[in-house]
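What follows is the content of target-v8.tsv, which has TSV, C-alpha atoms and all ligand atoms:
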chain	number	residue	atom	x	y	z
A	16	MET	CA	23.41	14.08	31.03
A	17	ALA	CA	20.72	11.98	32.58
A	18	ASN	CA	20.89	8.88	34.69
A	19	PRO	CA	19.52	6.08	32.50
A	20	ASP	CA	17.97	4.34	35.49
A	21	ARG	CA	15.88	7.40	36.20
A	22	LEU	CA	14.70	7.95	32.62
A	23	PRO	CA	11.40	6.07	32.94
A	24	ALA	CA	10.47	8.19	35.93
A	25	ASP	CA	11.68	11.48	34.45
A	26	CYS	CA	10.45	11.14	30.89
A	27	PRO	CA	6.72	11.77	30.64
A	28	THR	CA	6.26	10.27	27.19
A	29	ALA	CA	7.29	7.11	25.39
A	30	PHE	CA	10.95	7.11	24.40
A	31	TYR	CA	13.76	5.07	22.90
A	32	THR	CA	17.24	4.40	24.21
A	33	PHE	CA	20.09	3.26	21.97
A	34	ASP	CA	23.02	1.85	23.89
A	35	VAL	CA	26.35	2.63	22.22
A	36	ARG	CA	28.24	-0.03	24.13
A	37	VAL	CA	25.81	-2.76	23.10
A	38	LEU	CA	26.02	-1.46	19.54
A	39	SER	CA	29.84	-1.54	19.47
A	40	GLN	CA	29.85	-5.05	20.90
A	41	ARG	CA	27.34	-6.12	18.28
A	42	VAL	CA	29.46	-4.81	15.40
A	43	ALA	CA	32.54	-6.49	16.89
A	44	TYR	CA	30.63	-9.75	17.25
A	45	LEU	CA	29.44	-9.72	13.64
A	46	ARG	CA	32.95	-8.94	12.41
A	47	SER	CA	34.39	-11.77	14.45
A	48	ARG	CA	31.95	-14.27	12.94
A	49	LEU	CA	32.23	-13.22	9.30
A	50	PRO	CA	34.82	-14.31	6.75
A	51	GLU	CA	37.92	-12.14	6.23
A	52	ASN	CA	36.87	-10.91	2.80
A	53	CYS	CA	33.57	-9.52	4.17
A	54	SER	CA	33.35	-5.89	5.15
A	55	LEU	CA	30.36	-4.18	6.76
A	56	CYS	CA	28.12	-1.51	5.27
A	57	TYR	CA	25.50	-0.15	7.65
A	58	ALA	CA	22.10	0.55	6.06
A	59	VAL	CA	21.28	3.93	7.59
A	60	LYS	CA	17.54	3.46	7.12
A	61	ALA	CA	17.52	1.00	10.02
A	62	ASN	CA	18.37	3.77	12.48
A	63	PRO	CA	20.01	7.07	11.55
A	64	PHE	CA	20.59	7.97	15.21
A	65	ILE	CA	23.36	5.44	15.67
A	66	ALA	CA	25.19	5.98	12.38
A	67	GLY	CA	27.66	8.48	13.88
A	68	GLU	CA	28.42	6.11	16.75
A	69	ILE	CA	29.74	3.44	14.40
A	70	ALA	CA	31.43	5.75	11.88
A	71	ASP	CA	34.83	4.20	12.66
A	72	ARG	CA	33.61	0.66	13.22
A	73	VAL	CA	31.94	-0.10	9.90
A	74	ASP	CA	33.43	0.21	6.44
A	75	ALA	CA	30.57	1.94	4.63
A	76	PHE	CA	27.10	3.42	4.93
A	77	GLU	CA	24.23	2.71	2.58
A	78	ILE	CA	22.22	5.89	2.00
A	79	CYS	CA	18.86	5.85	0.25
A	80	SER	CA	17.66	9.45	0.12
A	81	PRO	CA	18.84	13.06	0.15
A	82	GLY	CA	17.63	13.19	3.76
A	83	GLU	CA	19.79	10.25	4.83
A	84	ALA	CA	22.74	11.83	3.03
A	85	ALA	CA	22.20	15.06	4.97
A	86	VAL	CA	22.02	13.15	8.26
A	87	CYS	CA	25.31	11.38	7.48
A	88	ARG	CA	26.98	14.66	6.48
A	89	ALA	CA	25.82	16.24	9.71
A	90	LEU	CA	27.31	13.29	11.62
A	91	GLY	CA	30.66	13.81	9.90
A	92	ILE	CA	30.59	10.55	7.92
A	93	LYS	CA	33.13	10.81	5.12
A	94	SER	CA	31.76	10.62	1.59
A	95	GLU	CA	34.27	7.89	0.64
A	96	LYS	CA	32.41	5.64	3.04
A	97	THR	CA	29.03	6.21	1.42
A	98	VAL	CA	27.07	4.06	-1.01
A	99	ILE	CA	24.35	6.19	-2.58
A	100	SER	CA	21.59	3.70	-3.12
A	101	GLY	CA	17.81	3.88	-3.55
A	102	VAL	CA	15.36	3.06	-6.31
A	103	TYR	CA	14.61	6.73	-7.04
A	104	LYS	CA	17.57	9.03	-6.87
A	105	THR	CA	16.44	12.62	-7.01
A	106	PRO	CA	18.23	14.03	-10.11
A	107	SER	CA	19.16	17.33	-8.45
A	108	PHE	CA	20.64	15.42	-5.49
A	109	ILE	CA	22.73	13.23	-7.81
A	110	GLU	CA	23.84	16.24	-9.82
A	111	GLY	CA	24.91	17.97	-6.61
A	112	LEU	CA	27.04	14.97	-5.66
A	113	ILE	CA	28.66	14.49	-9.04
A	114	ALA	CA	29.36	18.21	-9.36
A	115	ASP	CA	31.04	18.18	-5.96
A	116	ALA	CA	34.80	17.63	-6.44
A	117	ASP	CA	35.03	16.35	-2.85
A	118	PHE	CA	32.45	13.59	-3.29
A	119	ARG	CA	34.13	10.17	-3.21
A	120	GLY	CA	31.17	7.85	-2.68
A	121	VAL	CA	29.86	5.10	-4.93
A	122	LEU	CA	26.46	5.21	-6.65
A	123	THR	CA	24.21	2.24	-7.30
A	124	VAL	CA	22.50	1.88	-10.65
A	125	GLU	CA	18.83	0.97	-10.26
A	126	SER	CA	17.68	1.52	-13.85
A	127	THR	CA	19.06	2.22	-17.28
A	128	THR	CA	17.63	5.75	-16.96
A	129	GLN	CA	19.71	6.27	-13.83
A	130	TYR	CA	22.77	4.88	-15.60
A	131	ARG	CA	22.32	7.35	-18.47
A	132	LEU	CA	21.87	10.18	-15.97
A	133	PHE	CA	25.15	9.23	-14.26
A	134	CYS	CA	26.94	9.07	-17.63
A	135	ASP	CA	25.59	12.46	-18.71
A	136	LEU	CA	26.50	14.10	-15.40
A	137	ALA	CA	29.98	12.56	-15.31
A	138	GLU	CA	30.51	13.94	-18.80
A	139	LYS	CA	29.04	17.34	-17.92
A	140	TYR	CA	31.32	17.81	-14.90
A	141	GLY	CA	34.30	15.90	-16.32
A	142	ARG	CA	34.40	13.68	-13.25
A	143	GLN	CA	35.14	10.00	-12.90
A	144	ILE	CA	32.49	8.26	-10.81
A	145	ARG	CA	32.21	4.76	-9.39
A	146	VAL	CA	29.04	2.73	-9.67
A	147	LEU	CA	27.62	-0.60	-8.51
A	148	LEU	CA	25.08	-2.27	-10.81
A	149	ARG	CA	22.15	-3.51	-8.78
A	150	LEU	CA	20.87	-6.86	-9.96
A	151	THR	CA	17.11	-7.15	-9.64
A	152	ASN	CA	15.48	-9.81	-7.49
A	153	ASP	CA	12.35	-9.73	-9.66
A	154	SER	CA	11.00	-6.62	-8.00
A	155	GLN	CA	10.99	-2.92	-8.85
A	156	PHE	CA	14.61	-2.71	-7.64
A	157	GLY	CA	17.69	-3.02	-9.81
A	158	ILE	CA	18.18	-4.02	-13.42
A	159	ASN	CA	18.08	-7.30	-15.36
A	160	GLU	CA	21.07	-9.51	-16.08
A	161	ASP	CA	20.99	-8.64	-19.79
A	162	GLU	CA	21.09	-4.92	-18.93
A	163	ILE	CA	24.13	-5.54	-16.73
A	164	ASP	CA	25.68	-7.48	-19.63
A	165	GLU	CA	25.04	-4.54	-21.90
A	166	ILE	CA	26.64	-2.02	-19.51
A	167	VAL	CA	29.75	-4.05	-18.71
A	168	SER	CA	30.30	-5.09	-22.32
A	169	SER	CA	30.27	-1.50	-23.53
A	170	SER	CA	32.03	0.10	-20.58
A	171	GLU	CA	34.86	1.43	-22.77
A	172	LYS	CA	32.33	3.88	-24.25
A	173	THR	CA	31.81	5.50	-20.84
A	174	PRO	CA	35.29	5.75	-19.28
A	175	LEU	CA	34.13	8.30	-16.71
A	176	VAL	CA	31.70	5.80	-15.19
A	177	ARG	CA	33.66	2.96	-13.62
A	178	VAL	CA	31.64	-0.13	-12.73
A	179	VAL	CA	33.25	-1.39	-9.54
A	180	GLY	CA	30.85	-4.19	-8.73
A	181	ILE	CA	27.41	-5.72	-8.42
A	182	GLN	CA	24.87	-5.03	-5.69
A	183	PHE	CA	22.14	-7.44	-4.64
A	184	PHE	CA	19.51	-7.34	-1.91
A	185	SER	CA	16.36	-9.42	-1.89
A	186	GLY	CA	14.75	-8.93	1.49
A	187	THR	CA	15.09	-8.70	5.22
A	188	GLN	CA	14.71	-11.05	8.20
A	189	LYS	CA	15.94	-14.10	6.30
A	190	PHE	CA	15.97	-16.96	8.76
A	191	SER	CA	16.57	-19.45	5.97
A	192	VAL	CA	20.25	-19.85	5.40
A	193	LYS	CA	19.33	-22.16	2.51
A	194	LYS	CA	17.76	-19.19	0.75
A	195	ILE	CA	20.99	-17.26	1.25
A	196	ALA	CA	22.96	-20.22	-0.13
A	197	ARG	CA	20.78	-20.22	-3.26
A	198	GLU	CA	21.21	-16.47	-3.72
A	199	ILE	CA	24.95	-16.59	-3.25
A	200	GLY	CA	25.21	-19.56	-5.61
A	201	ALA	CA	23.34	-17.65	-8.30
A	202	LEU	CA	25.41	-14.49	-7.72
A	203	ASP	CA	28.62	-16.47	-7.88
A	204	ALA	CA	27.62	-18.05	-11.19
A	205	PHE	CA	26.60	-14.67	-12.55
A	206	LEU	CA	29.91	-13.06	-11.59
A	207	ALA	CA	31.82	-15.97	-13.16
A	208	ARG	CA	29.85	-15.57	-16.38
A	209	LEU	CA	30.52	-11.81	-16.50
A	210	GLU	CA	34.21	-12.53	-16.18
A	211	GLU	CA	34.21	-15.29	-18.81
A	212	GLU	CA	32.12	-13.43	-21.34
A	213	TYR	CA	33.30	-9.85	-20.88
A	214	GLY	CA	36.49	-10.05	-18.83
A	215	PHE	CA	34.64	-8.06	-16.18
A	216	ALA	CA	36.17	-8.73	-12.76
A	217	PRO	CA	34.30	-6.75	-10.10
A	218	GLU	CA	36.27	-5.28	-7.21
A	219	VAL	CA	33.38	-5.80	-4.87
A	220	LEU	CA	30.15	-7.71	-4.43
A	221	GLU	CA	27.80	-5.61	-2.32
A	222	TYR	CA	25.28	-8.03	-0.85
A	223	GLY	CA	22.45	-7.46	1.61
A	224	PRO	CA	21.91	-10.89	3.21
A	225	GLY	CA	18.96	-9.73	5.34
A	226	PHE	CA	20.37	-11.34	8.50
A	227	PRO	CA	17.47	-11.90	10.89
A	228	VAL	CA	16.84	-10.80	14.45
A	229	SER	CA	15.08	-13.04	16.90
A	230	TYR	CA	12.42	-10.73	18.31
A	231	PHE	CA	9.99	-13.10	19.93
A	232	GLU	CA	9.98	-15.49	22.84
A	233	GLY	CA	10.15	-19.14	21.87
A	234	GLU	CA	11.95	-18.58	18.58
A	235	ASP	CA	14.53	-21.20	17.86
A	236	PHE	CA	17.36	-19.26	16.21
A	237	ASP	CA	20.98	-20.24	16.69
A	238	GLU	CA	22.87	-17.21	15.42
A	239	GLU	CA	26.30	-18.77	15.97
A	240	GLU	CA	25.40	-21.69	13.74
A	241	TYR	CA	23.68	-19.41	11.23
A	242	LEU	CA	26.74	-17.19	10.83
A	243	ALA	CA	29.07	-20.20	10.72
A	244	GLU	CA	26.98	-21.65	7.90
A	245	PHE	CA	26.98	-18.29	6.14
A	246	SER	CA	30.78	-18.21	6.35
A	247	ARG	CA	30.99	-21.73	4.92
A	248	ILE	CA	28.80	-20.67	2.00
A	249	VAL	CA	30.95	-17.60	1.32
A	250	GLY	CA	34.10	-19.73	1.67
A	251	GLY	CA	32.80	-22.02	-1.07
A	252	MET	CA	32.40	-19.25	-3.65
A	253	ARG	CA	34.57	-19.08	-6.75
A	254	TYR	CA	34.52	-15.30	-6.33
A	255	ARG	CA	37.27	-14.55	-3.78
A	256	LYS	CA	37.42	-10.78	-3.71
A	257	LYS	CA	35.77	-8.30	-1.40
A	258	ILE	CA	32.17	-8.79	-0.30
A	259	THR	CA	30.50	-5.87	1.40
A	260	LEU	CA	27.57	-6.95	3.52
A	261	GLU	CA	24.83	-4.34	3.70
A	262	LEU	CA	23.19	-4.79	7.06
A	263	GLY	CA	20.64	-2.77	8.99
A	264	ARG	CA	18.46	-4.81	11.30
A	265	SER	CA	21.14	-7.21	12.46
A	266	VAL	CA	23.46	-4.37	13.43
A	267	ALA	CA	20.96	-2.04	15.05
A	268	ALA	CA	18.15	-3.99	16.68
A	269	SER	CA	19.80	-5.18	19.86
A	270	CYS	CA	21.07	-1.79	21.03
A	271	GLY	CA	17.58	-0.31	21.27
A	272	LYS	CA	14.89	-0.31	23.91
A	273	TYR	CA	11.47	1.25	23.71
A	274	TYR	CA	9.76	2.46	26.85
A	275	THR	CA	6.09	3.24	27.09
A	276	HIS	CA	3.93	4.13	30.09
A	277	ILE	CA	0.79	2.35	31.16
A	278	VAL	CA	-1.95	4.99	30.99
A	279	ASP	CA	-5.05	2.90	31.59
A	280	ILE	CA	-6.07	-0.55	32.76
A	281	LYS	CA	-9.48	-2.07	32.15
A	282	LYS	CA	-11.45	-5.20	31.46
A	283	ASN	CA	-13.78	-5.23	28.43
A	284	LYS	CA	-15.99	-8.31	28.48
A	285	GLU	CA	-13.55	-11.17	29.09
A	286	THR	CA	-10.34	-9.38	28.11
A	287	ASP	CA	-8.00	-7.56	30.47
A	288	TYR	CA	-6.44	-4.58	28.73
A	289	VAL	CA	-3.46	-2.39	29.45
A	290	LEU	CA	-3.33	0.84	27.46
A	291	VAL	CA	0.03	2.51	26.87
A	292	ASP	CA	0.96	6.00	25.71
A	293	GLY	CA	2.91	4.61	22.74
A	294	GLY	CA	1.78	2.03	20.25
A	295	MET	CA	2.34	0.36	16.92
A	296	HIS	CA	3.42	3.69	15.41
A	297	HIS	CA	6.56	3.52	17.58
A	298	LEU	CA	7.28	-0.16	17.75
A	299	VAL	CA	7.67	-1.94	14.44
A	300	TYR	CA	9.46	-5.24	14.68
A	301	PHE	CA	8.73	-7.11	11.51
A	302	GLY	CA	5.58	-7.55	9.50
A	303	GLN	CA	3.50	-6.20	12.40
A	304	ALA	CA	2.52	-9.75	13.33
A	305	MET	CA	3.41	-8.83	16.85
A	306	ALA	CA	0.07	-9.20	18.54
A	307	MET	CA	0.25	-12.92	17.80
A	308	LYS	CA	3.76	-13.31	19.21
A	309	ARG	CA	5.41	-12.35	22.44
A	310	PRO	CA	8.21	-9.79	22.17
A	311	ARG	CA	10.83	-9.55	24.90
A	312	VAL	CA	9.23	-7.13	27.31
A	313	SER	CA	9.47	-6.35	31.01
A	314	VAL	CA	7.95	-3.94	33.51
A	315	VAL	CA	10.56	-1.46	34.75
A	316	GLY	CA	11.37	-2.06	38.42
A	317	LYS	CA	9.28	-5.23	38.63
A	318	ASP	CA	11.80	-7.84	37.52
A	319	GLY	CA	11.33	-11.11	39.31
A	320	GLU	CA	7.80	-10.30	40.53
A	321	PRO	CA	5.37	-13.16	39.98
A	322	GLU	CA	3.34	-13.12	36.80
A	323	GLY	CA	-0.30	-12.37	37.35
A	324	THR	CA	-3.16	-11.65	34.98
A	325	LYS	CA	-2.64	-12.06	31.26
A	326	ARG	CA	-3.29	-8.70	29.66
A	327	THR	CA	-3.57	-7.46	26.11
A	328	VAL	CA	-1.31	-4.46	25.64
A	329	CYS	CA	-2.74	-1.81	23.31
A	330	GLY	CA	-1.37	1.50	22.11
A	331	SER	CA	-3.17	4.80	22.02
A	332	LEU	CA	-4.02	5.02	18.33
A	333	CYS	CA	-7.67	4.96	17.28
A	334	SER	CA	-7.18	1.71	15.48
A	335	MET	CA	-8.25	-1.75	16.50
A	336	ASN	CA	-4.96	-2.91	14.98
A	337	ASP	CA	-3.00	-1.09	17.66
A	338	ILE	CA	-2.44	-4.22	19.70
A	339	ILE	CA	1.16	-4.66	20.77
A	340	VAL	CA	0.92	-7.98	22.58
A	341	LYS	CA	-2.04	-10.26	23.24
A	342	GLN	CA	-2.41	-12.09	26.52
A	343	LEU	CA	0.88	-11.00	28.02
A	344	PRO	CA	1.38	-12.35	31.54
A	345	LEU	CA	2.34	-9.30	33.61
A	346	PRO	CA	3.09	-8.81	37.28
A	347	ASP	CA	0.70	-6.66	39.25
A	348	VAL	CA	0.82	-3.44	37.16
A	349	ARG	CA	-0.57	0.04	37.82
A	350	ILE	CA	-1.15	3.16	35.79
A	351	GLY	CA	2.22	4.91	35.55
A	352	ASP	CA	4.25	1.71	35.31
A	353	VAL	CA	6.59	1.58	32.34
A	354	LEU	CA	6.93	-1.30	29.88
A	355	CYS	CA	10.33	-1.82	28.31
A	356	PHE	CA	10.52	-3.58	24.94
A	357	GLU	CA	13.88	-5.04	23.89
A	358	ASN	CA	15.38	-5.15	20.39
A	359	ALA	CA	13.86	-1.83	19.35
A	360	GLY	CA	16.98	-0.42	17.71
A	361	ALA	CA	16.13	-1.07	14.06
A	362	TYR	CA	13.33	0.41	11.98
A	363	CYS	CA	10.99	1.09	14.95
A	364	MET	CA	11.54	4.80	14.97
A	365	THR	CA	11.74	5.13	11.20
A	366	GLU	CA	8.96	2.88	9.92
A	367	GLY	CA	6.26	3.83	12.39
A	368	ILE	CA	3.21	5.75	11.16
A	369	ALA	CA	4.24	8.85	13.06
A	370	LEU	CA	1.59	11.18	11.65
A	371	PHE	CA	-1.46	9.04	12.31
A	372	LEU	CA	-3.64	10.76	14.92
A	373	SER	CA	-1.26	13.71	15.26
A	374	ARG	CA	0.37	12.18	18.30
A	375	ASP	CA	3.83	13.12	19.52
A	376	VAL	CA	7.04	11.59	18.22
A	377	PRO	CA	9.02	9.98	21.07
A	378	ALA	CA	12.26	11.25	22.53
A	379	VAL	CA	15.54	9.48	21.77
A	380	TYR	CA	18.36	8.95	24.26
A	381	LEU	CA	21.81	7.59	23.50
A	382	ILE	CA	23.32	5.62	26.33
A	383	ARG	CA	27.03	6.40	26.14
A	384	GLU	CA	29.90	3.98	26.78
A	385	ASP	CA	30.21	5.38	30.32
A	386	GLY	CA	26.55	4.57	30.99
A	387	THR	CA	25.20	8.12	30.96
A	388	ALA	CA	22.15	9.00	28.87
A	389	VAL	CA	22.14	11.92	26.45
A	390	CYS	CA	18.93	13.20	24.93
A	391	VAL	CA	19.53	13.47	21.17
A	392	ARG	CA	15.93	14.16	20.17
A	393	LYS	CA	13.28	15.77	22.28
A	394	PRO	CA	9.75	14.49	21.85
A	395	PHE	CA	7.89	16.69	19.38
A	396	GLU	CA	4.36	17.36	18.28
A	397	THR	CA	3.23	16.33	14.82
A	398	LEU	CA	0.03	18.33	14.87
A	399	GLN	CA	1.50	21.12	12.76
A	400	LEU	CA	2.19	18.57	10.01
A	401	ASN	CA	-1.48	17.62	9.96
A	402	THR	CA	-2.90	21.15	10.20
A	403	PRO	CA	-3.79	22.85	6.91
A	404	ASN	CA	-2.08	26.18	6.49
A	405	TYR	CA	-4.29	28.53	4.48
A	406	ASP	CA	-1.61	31.20	4.27
A	407	LEU	CA	0.70	29.35	1.90
A	501	LIG	C1	19.41	-2.22	-0.52
A	501	LIG	C2	19.28	-2.57	0.92
A	501	LIG	N1	20.36	-3.00	1.58
A	501	LIG	C3	20.32	-3.34	2.89
A	501	LIG	C4	19.14	-3.24	3.60
A	501	LIG	C5	19.14	-3.61	5.06
A	501	LIG	O1	18.40	-4.75	5.29
A	501	LIG	P1	18.40	-5.43	6.73
A	501	LIG	O2	17.89	-4.43	7.68
A	501	LIG	O3	17.55	-6.62	6.58
A	501	LIG	O4	19.82	-5.81	7.04
A	501	LIG	C6	17.98	-2.80	2.96
A	501	LIG	C7	16.72	-2.74	3.70
A	501	LIG	O5	15.65	-2.45	3.19
A	501	LIG	C8	18.06	-2.45	1.58
A	501	LIG	O6	16.98	-2.00	0.94
This structure in structure tokens:
Amino acid sequence: MANPDRLPADCPTAFYTFDVRVLSQRVAYLRSRLPENCSLCYAVKANPFIAGEIADRVDAFEICSPGEAAVCRALGIKSEKTVISGVYKTPSFIEGLIADADFRGVLTVESTTQYRLFCDLAEKYGRQIRVLLRLTNDSQFGINEDEIDEIVSSSEKTPLVRVVGIQFFSGTQKFSVKKIAREIGALDAFLARLEEEYGFAPEVLEYGPGFPVSYFEGEDFDEEEYLAEFSRIVGGMRYRKKITLELGRSVAASCGKYYTHIVDIKKNKETDYVLVDGGMHHLVYFGQAMAMKRPRVSVVGKDGEPEGTKRTVCGSLCSMNDIIVKQLPLPDVRIGDVLCFENAGAYCMTEGIALFLSRDVPAVYLIREDGTAVCVRKPFETLQLNTPNYDL
């Protein structure tokens, strides 16, 4: 166990911390602001490291790859809590699940080919499986309304494949609650039509609302009002049964911090630069428009010190794009000081371009409820992944 206050001094590389207490409070907050018929499904892709910490606090886990499934198994997450999602489902992985008499998860249907595969495998192993039909949002994901019509209207032909509901996700970081209202309105009408035309009454609507996170200074986002409006929209639906909200960013972001050390300070022409040992391959907020905006960042141990020179903070990749913040007013900083970026709990450690430049992958610490820090991933080199092996 390490003392979290000492981590910046003890840890020689960039690292993340994910605070379990903040995470639990966040889940409790979301639950308290959502309507009664809404349950929570955590999208593991946002941050696999915290999935085990909320195993008893959320109702389900959305899993998008064999790797994510293995992580969840290793964390002891029960299969009945899993939603096996993802546009490409590796056939051998799906066969393994359907063949497994202990598997109790639900599978999403992303294409008619996938649906046929599920039907064939259910038949082959004589197992009843549960599926959600993913409605497309005009992208490569999901299937069309008429294909959903076709499946639900002929469901008696495939009794082993039980359609339990509809899944819909159209994007992340949705600040516009009006957009959500339009989506929910359309989904509600679609569900009503399925019931009228085919007598199909789904047990669940699995919906990814893409709740946003306010990452940058100066953003005007009233989350209380946003969630209240969301609840009003849900309350106005004709569909009254269970809605499972698939959420990643909104659950995970606030529990994470990313720490990176200042390794050089210089002035090129008119610009004052601070170079850090991390960079954009570790810190991915949204859309990588970060250099233009100011994330919530502080210098460890220098809270309250007066702001001095405005400096442009750059990472250590050989890319002119590796600018983390432009013109950030910082106190008097030195080489060795550590910058701490807030809201780094979602996607940062999974979406970063970890292999670029063969740099090391940062360590991960979980900050437990009692405040102690546990290292759950040591930093590791990526050079072996970029070195050709002529002995294969
Ligand atoms: C199907 C699906 N559901 C849920 C999510 C989570 O989205 P967010 O992190 O915006 O909550 C994603 C993210 O890509 C997704 O693809």
Query raised in the report: Which residue, A:Leu147, A:Ile368, A:Leu260, A:Ala84, has the smallest gap to ligand LIG 501 (chain A) when you use all atoms listed in the file?
Result: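 Under the stated criterion, the closest residue is A:Leu260.
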Report task. Rounded to one decimal place, report the atom CA of A:Pro310-atom CA of A:Phe356 distance in Å. Result ->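 Answer for the atom CA of A:Pro310 to atom CA of A:Phe356 separation: 7.2 Å.
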**Report entry** Nearest candidate to ligand LIG 501 (chain A) (options A:Ala66, A:Ile339, A:Leu354, A:Ala61; using only C-alpha atoms and all ligand atoms)
**Finding:**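 Answer, going by the shortest atom-to-atom distance: A:Ala61.
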Query raised in the report: What would the list of residues within 8 Å of (23.3, -6.7, -8.3) (file frame) look like as a VMD selection string, if only C-alpha atoms are what count?
Result: chain A and resid 147 to 151 157 to 158 180 to 184 220 to 222
Filtering to C-alpha atoms, could you give me those residues as a PDB file, keeping the file's coordinate frame?
ATOM      1  CA  LEU A 147      27.620  -0.600  -8.510  1.00  0.00           C
ATOM      2  CA  LEU A 148      25.080  -2.270 -10.810  1.00  0.00           C
ATOM      3  CA  ARG A 149      22.150  -3.510  -8.780  1.00  0.00           C
ATOM      4  CA  LEU A 150      20.870  -6.860  -9.960  1.00  0.00           C
ATOM      5  CA  THR A 151      17.110  -7.150  -9.640  1.00  0.00           C
ATOM      6  CA  GLY A 157      17.690  -3.020  -9.810  1.00  0.00           C
ATOM      7  CA  ILE A 158      18.180  -4.020 -13.420  1.00  0.00           C
ATOM      8  CA  GLY A 180      30.850  -4.190  -8.730  1.00  0.00           C
ATOM      9  CA  ILE A 181      27.410  -5.720  -8.420  1.00  0.00           C
ATOM     10  CA  GLN A 182      24.870  -5.030  -5.690  1.00  0.00           C
ATOM     11  CA  PHE A 183      22.140  -7.440  -4.640  1.00  0.00           C
ATOM     12  CA  PHE A 184      19.510  -7.340  -1.910  1.00  0.00           C
ATOM     13  CA  LEU A 220      30.150  -7.710  -4.430  1.00  0.00           C
ATOM     14  CA  GLU A 221      27.800  -5.610  -2.320  1.00  0.00           C
ATOM     15  CA  TYR A 222      25.280  -8.030  -0.850  1.00  0.00           C
TER      16      TYR A 222
END
Requested in this report: Compile the contact shell of A:Ser373 as a ChimeraX atom specification: residues with an atom at most 8 Å away, counting only C-alpha atoms, same-chain residues fewer than 3 positions apart removed.
Outcome: /A:369-370,396-398,400-401
Report task. Produce as a list of chain:residue names the set of residues near ligand LIG 501 (chain A), where near means within 6 Å with all atoms listed in the file considered. Result ->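 Written in the requested form, the residues are A:Ala58, A:Ala61, A:Phe184, A:Thr187, A:Gln188, A:Gly223, A:Gly225, A:Phe226, A:Glu261, A:Leu262, A:Gly263, A:Arg264, A:Ser265.
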Once you have the residues from the selection above, write them out as a PDB file, keeping the file's coordinate frame, restricted to C-alpha atoms.
ATOM      1  CA  ALA A  58      22.100   0.550   6.060  1.00  0.00           C
ATOM      2  CA  ALA A  61      17.520   1.000  10.020  1.00  0.00           C
ATOM      3  CA  PHE A 184      19.510  -7.340  -1.910  1.00  0.00           C
ATOM      4  CA  THR A 187      15.090  -8.700   5.220  1.00  0.00           C
ATOM      5  CA  GLN A 188      14.710 -11.050   8.200  1.00  0.00           C
ATOM      6  CA  GLY A 223      22.450  -7.460   1.610  1.00  0.00           C
ATOM      7  CA  GLY A 225      18.960  -9.730   5.340  1.00  0.00           C
ATOM      8  CA  PHE A 226      20.370 -11.340   8.500  1.00  0.00           C
ATOM      9  CA  GLU A 261      24.830  -4.340   3.700  1.00  0.00           C
ATOM     10  CA  LEU A 262      23.190  -4.790   7.060  1.00  0.00           C
ATOM     11  CA  GLY A 263      20.640  -2.770   8.990  1.00  0.00           C
ATOM     12  CA  ARG A 264      18.460  -4.810  11.300  1.00  0.00           C
ATOM     13  CA  SER A 265      21.140  -7.210  12.460  1.00  0.00           C
TER      14      SER A 265
END
Non-local contacts of A:Ala388 (8 Å; all atoms listed in the file; under 2 positions in same chain excluded) as a compact mmCIF listing (two decimals) with C-alpha atoms, keeping the file's coordinate frame:
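Listed below is the output, result-v8.txt:
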# COMPACT_ATOMS: atom_id res chain seq x y z
CA MET A 16 23.41 14.08 31.03
CA ALA A 17 20.72 11.98 32.58
CA ASN A 18 20.89 8.88 34.69
CA PRO A 19 19.52 6.08 32.50
CA TYR A 380 18.36 8.95 24.26
CA LEU A 381 21.81 7.59 23.50
CA ILE A 382 23.32 5.62 26.33
CA ARG A 383 27.03 6.40 26.14
CA GLY A 386 26.55 4.57 30.99
CA CYS A 390 18.93 13.20 24.93
Report task. Please identify all polymer residues within 12 Å of A:Val37, counting all atoms listed in the file, omitting same-chain residues fewer than 5 positions from it, and present them as a count of residues only. Result -> 22
Requested in this report: Could you please give me, as a PyMOL selection string, the residues of protein, DNA or RNA lying at most 12 Å from (32.5, -19.5, -3.1) in the coordinate frame of the file, considering all atoms listed in the file?
Outcome: chain A and resi 50+52+196-204+206-207+245-258
